[in-house]
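Engineer: I am sharing my_file_32.cif, which consists of mmCIF, C-alpha atoms and all ligand atoms:
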```
data_target
#
loop_
_atom_site.group_PDB
_atom_site.id
_atom_site.type_symbol
_atom_site.label_atom_id
_atom_site.label_comp_id
_atom_site.auth_asym_id
_atom_site.auth_seq_id
_atom_site.Cartn_x
_atom_site.Cartn_y
_atom_site.Cartn_z
ATOM 1 C CA MET G 1 -12.019 -11.122 -8.175
ATOM 2 C CA LEU G 2 -12.488 -8.960 -5.110
ATOM 3 C CA VAL G 3 -10.981 -10.642 -2.047
ATOM 4 C CA ASN G 4 -10.259 -9.867 1.585
ATOM 5 C CA MET G 5 -6.723 -8.600 2.222
ATOM 6 C CA ARG G 6 -6.330 -11.176 5.005
ATOM 7 C CA GLU G 7 -6.403 -14.006 2.440
ATOM 8 C CA LEU G 8 -3.698 -12.383 0.335
ATOM 9 C CA LEU G 9 -1.393 -11.846 3.296
ATOM 10 C CA ALA G 10 -1.887 -15.419 4.515
ATOM 11 C CA ASP G 11 -0.858 -16.782 1.109
ATOM 12 C CA ALA G 12 2.157 -14.441 1.001
ATOM 13 C CA GLU G 13 3.145 -15.720 4.443
ATOM 14 C CA GLU G 14 2.813 -19.335 3.388
ATOM 15 C CA LYS G 15 4.739 -18.934 0.126
ATOM 16 C CA ASP G 16 7.216 -16.323 1.387
ATOM 17 C CA TYR G 17 6.657 -13.356 -0.927
ATOM 18 C CA ALA G 18 5.179 -9.847 -0.505
ATOM 19 C CA VAL G 19 1.954 -8.459 -1.970
ATOM 20 C CA GLY G 20 2.172 -5.064 -3.684
ATOM 21 C CA SER G 21 -0.323 -2.439 -2.598
ATOM 22 C CA PHE G 22 -0.529 0.108 -5.391
ATOM 23 C CA SER G 23 -1.941 3.619 -4.980
ATOM 24 C CA VAL G 24 -4.226 4.821 -7.762
ATOM 25 C CA ALA G 25 -5.761 8.210 -8.513
ATOM 26 C CA ASN G 26 -7.897 7.677 -11.618
ATOM 27 C CA MET G 27 -9.342 5.081 -13.969
ATOM 28 C CA GLU G 28 -6.245 4.957 -16.152
ATOM 29 C CA MET G 29 -4.037 4.014 -13.204
ATOM 30 C CA VAL G 30 -6.546 1.380 -12.104
ATOM 31 C CA LEU G 31 -6.613 -0.133 -15.621
ATOM 32 C CA GLY G 32 -2.806 -0.113 -15.894
ATOM 33 C CA ALA G 33 -2.426 -1.803 -12.508
ATOM 34 C CA ILE G 34 -5.031 -4.489 -13.261
ATOM 35 C CA LYS G 35 -3.384 -5.184 -16.625
ATOM 36 C CA ALA G 36 -0.095 -5.899 -14.806
ATOM 37 C CA PHE G 37 -1.822 -8.054 -12.124
ATOM 38 C CA GLU G 38 -3.513 -10.178 -14.793
ATOM 39 C CA GLU G 39 -0.545 -10.471 -17.126
ATOM 40 C CA LEU G 40 1.721 -11.633 -14.286
ATOM 41 C CA ASN G 41 -1.010 -13.726 -12.657
ATOM 42 C CA SER G 42 -0.392 -11.898 -9.393
ATOM 43 C CA PRO G 43 -2.529 -11.274 -6.314
ATOM 44 C CA ALA G 44 -2.391 -7.563 -5.458
ATOM 45 C CA ILE G 45 -4.012 -4.619 -3.675
ATOM 46 C CA LEU G 46 -5.444 -1.368 -5.054
ATOM 47 C CA GLN G 47 -5.353 1.478 -2.540
ATOM 48 C CA ILE G 48 -6.082 5.167 -2.087
ATOM 49 C CA ALA G 49 -5.100 7.324 0.897
ATOM 50 C CA GLU G 50 -7.458 9.674 2.730
ATOM 51 C CA VAL G 51 -5.252 12.723 1.943
ATOM 52 C CA ARG G 52 -5.733 12.057 -1.789
ATOM 53 C CA LEU G 53 -9.511 12.310 -1.678
ATOM 54 C CA LYS G 54 -9.427 16.014 -2.481
ATOM 55 C CA GLN G 55 -8.194 15.075 -5.979
ATOM 56 C CA SER G 56 -10.083 11.762 -6.296
ATOM 57 C CA PRO G 57 -13.330 11.796 -4.272
ATOM 58 C CA LEU G 58 -13.993 8.516 -2.480
ATOM 59 C CA GLU G 59 -17.605 8.249 -3.664
ATOM 60 C CA VAL G 60 -16.345 8.388 -7.290
ATOM 61 C CA ILE G 61 -13.064 6.442 -7.235
ATOM 62 C CA GLY G 62 -14.132 3.935 -4.568
ATOM 63 C CA PRO G 63 -16.830 2.197 -6.659
ATOM 64 C CA LEU G 64 -14.457 2.238 -9.640
ATOM 65 C CA MET G 65 -11.747 0.433 -7.639
ATOM 66 C CA VAL G 66 -14.211 -2.123 -6.270
ATOM 67 C CA ALA G 67 -15.689 -2.777 -9.744
ATOM 68 C CA ALA G 68 -12.220 -3.198 -11.275
ATOM 69 C CA ALA G 69 -11.262 -5.669 -8.532
ATOM 70 C CA LYS G 70 -14.491 -7.651 -9.021
ATOM 71 C CA ASN G 71 -13.872 -7.881 -12.787
ATOM 72 C CA ALA G 72 -10.194 -8.833 -12.480
ATOM 73 C CA LYS G 73 -9.127 -12.383 -13.344
ATOM 74 C CA THR G 74 -6.743 -12.375 -10.366
ATOM 75 C CA PRO G 75 -7.457 -11.846 -6.624
ATOM 76 C CA VAL G 76 -7.478 -8.134 -5.775
ATOM 77 C CA ALA G 77 -8.146 -6.513 -2.391
ATOM 78 C CA VAL G 78 -9.293 -2.881 -2.203
ATOM 79 C CA HIS G 79 -7.672 -0.966 0.647
ATOM 80 C CA PHE G 80 -8.224 2.446 2.249
ATOM 81 C CA ASP G 81 -4.730 3.770 2.997
ATOM 82 C CA HIS G 82 -3.815 6.061 5.932
ATOM 83 C CA GLY G 83 -7.361 6.432 7.216
ATOM 84 C CA LYS G 84 -7.538 9.372 9.605
ATOM 85 C CA THR G 85 -11.240 9.784 10.325
ATOM 86 C CA MET G 86 -13.949 7.323 11.314
ATOM 87 C CA GLU G 87 -16.219 9.032 8.792
ATOM 88 C CA LYS G 88 -14.058 8.238 5.748
ATOM 89 C CA ILE G 89 -13.085 4.778 7.025
ATOM 90 C CA GLY G 90 -16.808 4.009 7.453
ATOM 91 C CA GLN G 91 -17.529 5.333 3.953
ATOM 92 C CA ALA G 92 -14.826 3.086 2.448
ATOM 93 C CA LEU G 93 -16.306 0.073 4.262
ATOM 94 C CA ASP G 94 -19.801 0.969 3.016
ATOM 95 C CA LEU G 95 -18.450 1.102 -0.544
ATOM 96 C CA GLY G 96 -17.148 -2.458 -0.222
ATOM 97 C CA PHE G 97 -13.429 -1.925 0.513
ATOM 98 C CA THR G 98 -12.078 -5.202 1.881
ATOM 99 C CA SER G 99 -9.417 -3.548 4.015
ATOM 100 C CA VAL G 100 -8.890 -0.267 5.864
ATOM 101 C CA MET G 101 -5.909 1.316 7.559
ATOM 102 C CA PHE G 102 -6.177 3.475 10.634
ATOM 103 C CA ASP G 103 -3.054 5.612 10.943
ATOM 104 C CA GLY G 104 -2.649 6.564 14.583
ATOM 105 C CA SER G 105 1.141 6.603 14.386
ATOM 106 C CA HIS G 106 1.267 10.248 15.528
ATOM 107 C CA LEU G 107 -0.769 9.433 18.684
ATOM 108 C CA PRO G 108 0.564 8.164 22.024
ATOM 109 C CA LEU G 109 0.580 4.335 21.926
ATOM 110 C CA ASP G 110 -2.370 3.947 24.318
ATOM 111 C CA GLU G 111 -4.552 6.229 22.194
ATOM 112 C CA ASN G 112 -3.421 4.547 18.973
ATOM 113 C CA ILE G 113 -4.447 1.185 20.481
ATOM 114 C CA GLU G 114 -7.878 2.473 21.592
ATOM 115 C CA MET G 115 -8.658 4.087 18.230
ATOM 116 C CA THR G 116 -7.430 1.031 16.306
ATOM 117 C CA LYS G 117 -9.740 -1.182 18.389
ATOM 118 C CA ALA G 118 -12.674 1.070 17.518
ATOM 119 C CA VAL G 119 -11.813 0.849 13.801
ATOM 120 C CA LYS G 120 -11.498 -2.934 14.120
ATOM 121 C CA ALA G 121 -14.984 -3.148 15.654
ATOM 122 C CA LEU G 122 -16.353 -1.161 12.697
ATOM 123 C CA ALA G 123 -14.465 -3.222 10.092
ATOM 124 C CA ASP G 124 -15.596 -6.485 11.733
ATOM 125 C CA MET G 125 -19.165 -5.621 10.667
ATOM 126 C CA THR G 126 -18.203 -6.216 7.016
ATOM 127 C CA ASN G 127 -15.387 -8.662 7.826
ATOM 128 C CA ALA G 128 -12.863 -6.239 6.323
ATOM 129 C CA ALA G 129 -9.186 -6.442 7.300
ATOM 130 C CA VAL G 130 -7.509 -3.731 9.397
ATOM 131 C CA GLU G 131 -3.996 -2.306 9.132
ATOM 132 C CA ALA G 132 -2.479 0.015 11.738
ATOM 133 C CA GLU G 133 0.870 1.752 12.156
ATOM 134 C CA ILE G 134 3.306 2.224 15.016
ATOM 135 C CA GLY G 135 6.448 4.298 14.958
ATOM 136 C CA CYS G 136 6.549 7.087 12.366
ATOM 137 C CA VAL G 137 7.248 6.468 8.698
ATOM 138 C CA GLY G 138 8.965 9.632 7.420
ATOM 139 C CA GLY G 139 7.447 12.215 5.067
ATOM 140 C CA SER G 140 3.702 12.128 4.463
ATOM 141 C CA GLU G 141 1.558 10.374 1.889
ATOM 142 C CA ASP G 142 0.955 13.557 -0.128
ATOM 143 C CA GLY G 143 4.315 15.212 0.574
ATOM 144 C CA SER G 144 2.638 18.038 2.495
ATOM 145 C CA GLU G 145 4.433 17.315 5.780
ATOM 146 C CA ASP G 146 8.033 16.496 6.588
ATOM 147 C CA ILE G 147 7.405 13.948 9.341
ATOM 148 C CA ALA G 148 10.609 12.731 11.022
ATOM 149 C CA ILE G 149 11.302 8.998 11.011
ATOM 150 C CA ASN G 150 10.773 7.431 14.417
ATOM 151 C CA CYS G 151 11.606 3.723 14.306
ATOM 152 C CA THR G 152 9.156 1.220 15.798
ATOM 153 C CA ARG G 153 10.077 -0.221 19.196
ATOM 154 C CA PRO G 154 9.763 -4.032 19.010
ATOM 155 C CA GLU G 155 8.141 -4.185 22.466
ATOM 156 C CA ASP G 156 5.442 -1.767 21.257
ATOM 157 C CA ALA G 157 4.737 -4.057 18.289
ATOM 158 C CA VAL G 158 4.249 -7.004 20.673
ATOM 159 C CA ARG G 159 1.813 -5.053 22.860
ATOM 160 C CA PHE G 160 -0.010 -3.604 19.847
ATOM 161 C CA GLU G 161 -0.488 -7.014 18.255
ATOM 162 C CA SER G 162 -1.858 -8.636 21.388
ATOM 163 C CA GLU G 163 -4.187 -5.760 22.354
ATOM 164 C CA THR G 164 -5.653 -4.915 18.939
ATOM 165 C CA GLY G 165 -5.588 -8.167 16.920
ATOM 166 C CA VAL G 166 -5.007 -6.230 13.688
ATOM 167 C CA ASP G 167 -4.499 -8.098 10.407
ATOM 168 C CA ALA G 168 -1.463 -6.088 9.289
ATOM 169 C CA LEU G 169 0.969 -3.780 11.052
ATOM 170 C CA ALA G 170 2.965 -1.015 9.361
ATOM 171 C CA ILE G 171 6.296 -0.405 11.017
ATOM 172 C CA ALA G 172 8.930 2.295 10.706
ATOM 173 C CA ILE G 173 12.457 1.029 10.008
ATOM 174 C CA GLY G 174 13.994 4.077 8.329
ATOM 175 C CA ASN G 175 11.496 4.147 5.449
ATOM 176 C CA ALA G 176 9.760 7.337 4.278
ATOM 177 C CA HIS G 177 7.026 8.368 1.851
ATOM 178 C CA GLY G 178 7.942 10.095 -1.399
ATOM 179 C CA ASN G 179 11.304 10.231 -3.160
ATOM 180 C CA TYR G 180 14.263 9.751 -0.786
ATOM 181 C CA LYS G 181 16.965 12.426 -0.740
ATOM 182 C CA SER G 182 19.570 9.640 -0.477
ATOM 183 C CA THR G 183 19.294 5.833 -0.613
ATOM 184 C CA PRO G 184 17.549 4.762 2.599
ATOM 185 C CA LYS G 185 19.370 2.606 5.119
ATOM 186 C CA LEU G 186 16.706 0.282 6.442
ATOM 187 C CA ARG G 187 17.061 -0.969 10.030
ATOM 188 C CA PHE G 188 16.942 -4.698 9.364
ATOM 189 C CA ASP G 189 17.944 -5.305 12.996
ATOM 190 C CA ILE G 190 14.611 -3.788 14.097
ATOM 191 C CA LEU G 191 12.670 -5.612 11.393
ATOM 192 C CA GLU G 192 14.206 -8.956 12.386
ATOM 193 C CA GLU G 193 13.366 -8.362 16.032
ATOM 194 C CA VAL G 194 9.729 -7.401 15.300
ATOM 195 C CA ASP G 195 9.392 -10.382 12.974
ATOM 196 C CA ARG G 196 10.793 -12.702 15.658
ATOM 197 C CA LEU G 197 8.504 -11.387 18.383
ATOM 198 C CA THR G 198 5.214 -11.107 16.460
ATOM 199 C CA LYS G 199 3.057 -13.180 14.112
ATOM 200 C CA VAL G 200 1.165 -10.327 12.436
ATOM 201 C CA PRO G 201 1.983 -9.700 8.743
ATOM 202 C CA LEU G 202 4.122 -6.532 8.559
ATOM 203 C CA VAL G 203 3.709 -3.667 6.100
ATOM 204 C CA LEU G 204 6.413 -1.534 4.482
ATOM 205 C CA HIS G 205 5.270 1.964 3.547
ATOM 206 C CA GLY G 206 7.303 4.384 1.445
ATOM 207 C CA GLY G 207 8.245 1.805 -1.173
ATOM 208 C CA THR G 208 9.427 4.345 -3.743
ATOM 209 C CA GLY G 209 13.231 4.429 -3.881
ATOM 210 C CA ILE G 210 13.891 1.290 -1.838
ATOM 211 C CA THR G 211 16.369 -0.954 -3.674
ATOM 212 C CA PRO G 212 15.281 -4.314 -5.155
ATOM 213 C CA ASP G 213 17.696 -6.135 -2.812
ATOM 214 C CA ASP G 214 16.157 -4.452 0.237
ATOM 215 C CA PHE G 215 12.629 -5.234 -0.986
ATOM 216 C CA ILE G 216 13.565 -8.897 -1.375
ATOM 217 C CA ARG G 217 15.212 -9.043 2.042
ATOM 218 C CA CYS G 218 12.130 -7.392 3.604
ATOM 219 C CA SER G 219 9.805 -9.858 1.849
ATOM 220 C CA HIS G 220 11.658 -12.734 3.522
ATOM 221 C CA THR G 221 11.713 -11.005 6.925
ATOM 222 C CA GLY G 222 8.038 -10.654 7.755
ATOM 223 C CA ILE G 223 7.045 -7.852 5.343
ATOM 224 C CA LYS G 224 4.010 -9.205 3.497
ATOM 225 C CA LYS G 225 2.550 -5.958 2.075
ATOM 226 C CA ILE G 226 4.557 -3.229 0.359
ATOM 227 C CA ASN G 227 3.021 0.143 -0.501
ATOM 228 C CA ILE G 228 3.988 1.900 -3.720
ATOM 229 C CA ALA G 229 2.618 5.327 -4.624
ATOM 230 C CA THR G 230 5.086 8.007 -5.805
ATOM 231 C CA ALA G 231 6.914 5.679 -8.226
ATOM 232 C CA THR G 232 3.665 4.976 -10.080
ATOM 233 C CA PHE G 233 2.636 8.640 -10.228
ATOM 234 C CA ASP G 234 6.149 9.490 -11.495
ATOM 235 C CA SER G 235 6.040 6.695 -14.072
ATOM 236 C CA VAL G 236 2.682 7.919 -15.432
ATOM 237 C CA GLU G 237 3.962 11.481 -15.722
ATOM 238 C CA LYS G 238 7.268 10.426 -17.302
ATOM 239 C CA THR G 239 5.597 8.150 -19.846
ATOM 240 C CA VAL G 240 3.210 10.911 -20.891
ATOM 241 C CA ARG G 241 6.078 13.396 -21.167
ATOM 242 C CA GLU G 242 8.144 10.986 -23.282
ATOM 243 C CA CYS G 243 5.205 10.307 -25.581
ATOM 244 C CA TYR G 244 4.734 14.043 -26.112
ATOM 245 C CA ASN G 245 8.470 14.434 -26.781
ATOM 246 C CA GLU G 246 8.284 11.646 -29.377
ATOM 247 C CA ASN G 247 5.148 13.190 -30.898
ATOM 248 C CA SER G 248 3.281 9.936 -30.339
ATOM 249 C CA ILE G 249 0.301 11.609 -28.682
ATOM 250 C CA ASN G 250 -2.241 12.817 -31.191
ATOM 251 C CA GLY G 251 -5.419 13.462 -29.310
ATOM 252 C CA TYR G 252 -6.932 12.563 -25.972
ATOM 253 C CA TYR G 253 -7.081 8.775 -26.331
ATOM 254 C CA ASP G 254 -3.340 8.540 -27.004
ATOM 255 C CA LEU G 255 -2.824 10.522 -23.796
ATOM 256 C CA GLN G 256 -5.090 8.117 -21.946
ATOM 257 C CA ALA G 257 -3.208 5.103 -23.334
ATOM 258 C CA ALA G 258 0.104 6.618 -22.208
ATOM 259 C CA GLU G 259 -1.223 7.015 -18.659
ATOM 260 C CA VAL G 260 -2.378 3.393 -18.559
ATOM 261 C CA GLU G 261 1.032 2.299 -19.882
ATOM 262 C CA GLY G 262 2.942 4.352 -17.282
ATOM 263 C CA ALA G 263 1.023 2.758 -14.417
ATOM 264 C CA TYR G 264 1.275 -0.728 -15.947
ATOM 265 C CA GLN G 265 5.080 -0.553 -16.342
ATOM 266 C CA ASN G 266 5.737 0.484 -12.751
ATOM 267 C CA VAL G 267 3.303 -2.002 -11.213
ATOM 268 C CA LYS G 268 4.759 -4.821 -13.327
ATOM 269 C CA LYS G 269 8.312 -3.956 -12.262
ATOM 270 C CA HIS G 270 7.413 -4.112 -8.574
ATOM 271 C CA ILE G 271 5.393 -7.330 -8.793
ATOM 272 C CA LEU G 272 8.442 -9.059 -10.293
ATOM 273 C CA ILE G 273 10.669 -7.781 -7.442
ATOM 274 C CA PHE G 274 8.171 -8.733 -4.715
ATOM 275 C CA GLY G 275 7.873 -12.276 -6.115
ATOM 276 C CA SER G 276 4.062 -12.278 -6.251
ATOM 277 C CA ASP G 277 3.944 -13.233 -9.951
ATOM 278 C CA ASN G 278 2.256 -16.565 -10.683
ATOM 279 C CA LYS G 279 0.891 -16.744 -7.116
ATOM 280 C CA ALA G 280 -2.744 -15.976 -8.030
HETATM 281 P P1 LIG L 1 5.694 6.015 -1.663
HETATM 282 O O1 LIG L 1 4.967 7.194 -2.184
HETATM 283 O O2 LIG L 1 7.039 6.356 -1.108
HETATM 284 O O3 LIG L 1 5.790 4.904 -2.669
HETATM 285 O O4 LIG L 1 4.879 5.465 -0.415
HETATM 286 C C1 LIG L 1 3.664 4.810 -0.607
HETATM 287 C C2 LIG L 1 2.964 4.559 0.664
HETATM 288 O O5 LIG L 1 3.543 4.122 1.638
HETATM 289 C C3 LIG L 1 1.521 4.809 0.701
HETATM 290 O O6 LIG L 1 0.991 4.545 1.945
#
```
Is it possible to give me this structure as structure tokens?

Structural biologist:
Amino acid sequence: MLVNMRELLADAEEKDYAVGSFSVANMEMVLGAIKAFEELNSPAILQIAEVRLKQSPLEVIGPLMVAAAKNAKTPVAVHFDHGKTMEKIGQALDLGFTSVMFDGSHLPLDENIEMTKAVKALADMTNAAVEAEIGCVGGSEDGSEDIAINCTRPEDAVRFESETGVDALAIAIGNAHGNYKSTPKLRFDILEEVDRLTKVPLVLHGGTGITPDDFIRCSHTGIKKINIATATFDSVEKTVRECYNENSINGYYDLQAAEVEGAYQNVKKHILIFGSDNKA
């Protein structure tokens, strides 16, 4: 069933686990993700980022994501990731997304706060949840920019929470989008401080390549939403490649099944690490 992201994060807070937010690009990835959510009886989030709309137009993939969430046996929120423009954020809300992110992390804090408040006012009209970001997560969602990591200052998180009232806050603690060049060293000292000083559920972007131990530690230190994108895209591609190598693809529908399987396997793996299985 389609639910508000706020509800999922509140349950994760109460039961001390993290909800996976899985990026999707087509119907096969949506079906693979939902299969994993249902099989593991897990609440979860389907998301797409604004930079990905050139490959997957919002007016086409958005209704598909919302319909899949509505039909799912488990609670699923539909989230617009890294929203940059009011136009696209508004379009996602009109399509029935139950959560939107405004990414003003590149802006001065005052401007980020003002823009986030404007997005919150818009999202309030449909009661959708709002995520924002402070500090800079490294890389970029589509790998097109090499953004340097700039860790969140705990005092900024306190001010941001009190002035915007957002439902979720993405922080930068040494994490980056895409595949890491070496194993990331997360700044748990910063995470602990932000968690101690704020009540808002925290979000970890750049999930691909973070170790299971670090995911688990994050999930018990205020991180209630974890974003996974690259690992699922890589898993789909690898599964398809392996099936071709084994000569198990004979025709289009075998290819489609391999894509669904690749997404399913990666989503399942992460749900088990995040501890959201059997929490639906
Ligand atoms: P990865 O591509 O590193 O998994 O990051 C996902 C993400 O944070 C999307 O917002």

Engineer: If the PyMOL selection byres (((chain G and resi 224) around 12) and not hetatm) is run on the structure shown, which residues does it catch, given as an NGL selection string?

Structural biologist: :G and (5-21 or 43-45 or 131 or 167-171 or 195 or 199-205 or 215-223 or 225-227 or 274-276)

Engineer: Give me the residues of chain G that have any atom at most 7 Å from an atom of ligand LIG 1 (chain L); for each, the nearest atom pair and the distance in Å, rounded to one decimal. Use all atoms listed in the file, sort by chain and number, and format it as a Markdown table.

Structural biologist:
```
| residue | atom | partner | partner_atom | distance |
| --- | --- | --- | --- | --- |
| G:Ser23 | CA | L:LIG1 | C3 | 6.8 |
| G:Ala49 | CA | L:LIG1 | O6 | 6.8 |
| G:Asp81 | CA | L:LIG1 | O6 | 5.9 |
| G:His82 | CA | L:LIG1 | O6 | 6.4 |
| G:Glu141 | CA | L:LIG1 | C3 | 5.7 |
| G:Ala176 | CA | L:LIG1 | O2 | 6.1 |
| G:His177 | CA | L:LIG1 | O2 | 3.6 |
| G:Gly178 | CA | L:LIG1 | O2 | 3.9 |
| G:Asn179 | CA | L:LIG1 | O2 | 6.1 |
| G:Leu204 | CA | L:LIG1 | O5 | 7.0 |
| G:His205 | CA | L:LIG1 | O5 | 3.4 |
| G:Gly206 | CA | L:LIG1 | O2 | 3.2 |
| G:Gly207 | CA | L:LIG1 | O3 | 4.2 |
| G:Thr208 | CA | L:LIG1 | O3 | 3.8 |
| G:Asn227 | CA | L:LIG1 | O5 | 4.5 |
| G:Ile228 | CA | L:LIG1 | O3 | 3.7 |
| G:Ala229 | CA | L:LIG1 | O3 | 3.8 |
| G:Thr230 | CA | L:LIG1 | O1 | 3.7 |
| G:Ala231 | CA | L:LIG1 | O3 | 5.7 |
```

Engineer: Could you check how far CA of Gly83 in chain G sits from CA of Gly165 in chain G, in Å to one decimal?

Structural biologist: 17.6 Å

Engineer: Got a sec to resolve the PyMOL selection byres (((chain G and resi 73) around 10) and not hetatm) on this structure and send the residues as a PDB file with C-alpha atoms, in the coordinates of the input?

Structural biologist:
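Saved result, out_25.pdb, follows:
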```pdb
ATOM      1  CA  MET G   1     -12.019 -11.122  -8.175  1.00  0.00           C
ATOM      2  CA  LEU G   2     -12.488  -8.960  -5.110  1.00  0.00           C
ATOM      3  CA  ILE G  34      -5.031  -4.489 -13.261  1.00  0.00           C
ATOM      4  CA  LYS G  35      -3.384  -5.184 -16.625  1.00  0.00           C
ATOM      5  CA  PHE G  37      -1.822  -8.054 -12.124  1.00  0.00           C
ATOM      6  CA  GLU G  38      -3.513 -10.178 -14.793  1.00  0.00           C
ATOM      7  CA  GLU G  39      -0.545 -10.471 -17.126  1.00  0.00           C
ATOM      8  CA  ASN G  41      -1.010 -13.726 -12.657  1.00  0.00           C
ATOM      9  CA  SER G  42      -0.392 -11.898  -9.393  1.00  0.00           C
ATOM     10  CA  PRO G  43      -2.529 -11.274  -6.314  1.00  0.00           C
ATOM     11  CA  ALA G  68     -12.220  -3.198 -11.275  1.00  0.00           C
ATOM     12  CA  ALA G  69     -11.262  -5.669  -8.532  1.00  0.00           C
ATOM     13  CA  LYS G  70     -14.491  -7.651  -9.021  1.00  0.00           C
ATOM     14  CA  ASN G  71     -13.872  -7.881 -12.787  1.00  0.00           C
ATOM     15  CA  ALA G  72     -10.194  -8.833 -12.480  1.00  0.00           C
ATOM     16  CA  THR G  74      -6.743 -12.375 -10.366  1.00  0.00           C
ATOM     17  CA  PRO G  75      -7.457 -11.846  -6.624  1.00  0.00           C
ATOM     18  CA  VAL G  76      -7.478  -8.134  -5.775  1.00  0.00           C
ATOM     19  CA  ALA G 280      -2.744 -15.976  -8.030  1.00  0.00           C
TER      20      ALA G 280
END
```

Engineer: I'd like the neighbourhood of Ala132 in chain G as a compact mmCIF listing (two decimals) with C-alpha atoms, in the coordinates of the input, where a residue qualifies if any of its atoms comes within 6 Å (using only C-alpha atoms), though same-chain residues fewer than 3 positions away should be ignored.

Structural biologist:
```
# COMPACT_ATOMS: atom_id res chain seq x y z
CA MET G 101 -5.91 1.32 7.56
CA PHE G 102 -6.18 3.48 10.63
CA ASP G 103 -3.05 5.61 10.94
CA LEU G 169 0.97 -3.78 11.05
```

Engineer: Starting from the displayed file, determine the output of the PyMOL selection byres (((chain G and resi 188) around 10) and not hetatm) and express the residue list as a ChimeraX atom specification.

Structural biologist: /G:173-174,185-187,189-194,214,217-218,221

Engineer: Taking all atoms listed in the file into account, name the residue in G:Ser235, G:Thr164, G:Gln265, G:Thr198 that is nearest to Ile113 in chain G.

Structural biologist: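 Nearest candidate to Ile113 in chain G out of G:Ser235, G:Thr164, G:Gln265, G:Thr198: G:Thr164.
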
Engineer: Give me the residues near Phe233 in chain G as an MDAnalysis selection string, where near means some atom within 10 Å (using all atoms listed in the file) and where sequence neighbours in that chain fewer than 6 positions away do not count.

Structural biologist: chainID G and resid 23:25 29 259 262:263 266

Engineer: Using CA of Glu163 in chain G and CA of Glu114 in chain G as the two end points, give the distance in Å to one decimal.

Structural biologist: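 Spanning CA of Glu163 in chain G to CA of Glu114 in chain G is a straight-line distance of 9.1 Å.
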
Engineer: Name the residues in contact with Glu28 in chain G at a cut-off of 9 Å, using only C-alpha atoms, excluding same-chain residues fewer than 4 positions from it; report them as a PyMOL selection string.

Structural biologist: chain G and resi 24+32-33+256-261+263

Engineer: As an exercise, work out the distance from CA of Ile61 in chain G to CA of Leu31 in chain G in Å and give it to one decimal place.

Structural biologist: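 Here the two named atoms are 12.5 Å from each other.
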
Engineer: Can you tell me which residues surround Ile134 in chain G at a distance of at most 10 Å, considering all atoms listed in the file, apart from same-chain residues fewer than 2 positions away, and format the answer as number ranges by chain?

Structural biologist: G: 103-109, 112-113, 132, 136-137, 150-154, 156-157, 160, 169-172

Engineer: In terms of the shortest atom-to-atom distance over only C-alpha atoms, which of G:Asp142, G:Ala129, G:Tyr252, G:Glu246 is closest to Gln55 in chain G?

Structural biologist: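 Result for the nearest residue to Gln55 in chain G: G:Asp142.
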
Engineer: Given all atoms listed in the file as the basis, pick out the residue of G:Ile48, G:Ile149, G:Met125, G:Ile273 nearest to Ile210 in chain G.

Structural biologist: G:Ile273

Engineer: When you count all atoms listed in the file, which of these residues is closest to Val66 in chain G: G:Arg196, G:Lys120, G:Lys88, G:His79?

Structural biologist: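 Nearest candidate to Val66 in chain G out of G:Arg196, G:Lys120, G:Lys88, G:His79: G:His79.
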
Engineer: Kindly indicate which residue among G:Gly138, G:Thr98, G:Tyr253, G:Pro184 lies nearest to Asp124 in chain G, using only C-alpha atoms for the distances.

Structural biologist: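 Distance minimum relative to Asp124 in chain G lands on G:Thr98.
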
Engineer: Please list as a ChimeraX atom specification every residue within 8 Å of Val119 in chain G, counting all atoms listed in the file and excluding residues in the same chain fewer than 4 positions away.

Structural biologist: /G:86,89,102,115,123,130

Engineer: Could you check the closest approach to Leu197 in chain G for each of G:Ala148, G:Leu40, G:Ile271, G:Val158 and tell me which residue wins, using all atoms listed in the file?

Structural biologist: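 Selected residue with least distance to Leu197 in chain G: G:Val158.
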
Engineer: How big is the axis-aligned box around all listed atoms of range 223-240 of chain G once 6 Å goes on each side, and where's its centre, in Å to one decimal, as AutoDock Vina command-line options?

Structural biologist:
```
--center_x 4.9 --center_y 1.1 --center_z -7.8 --size_x 16.7 --size_y 32.7 --size_z 38.2
```
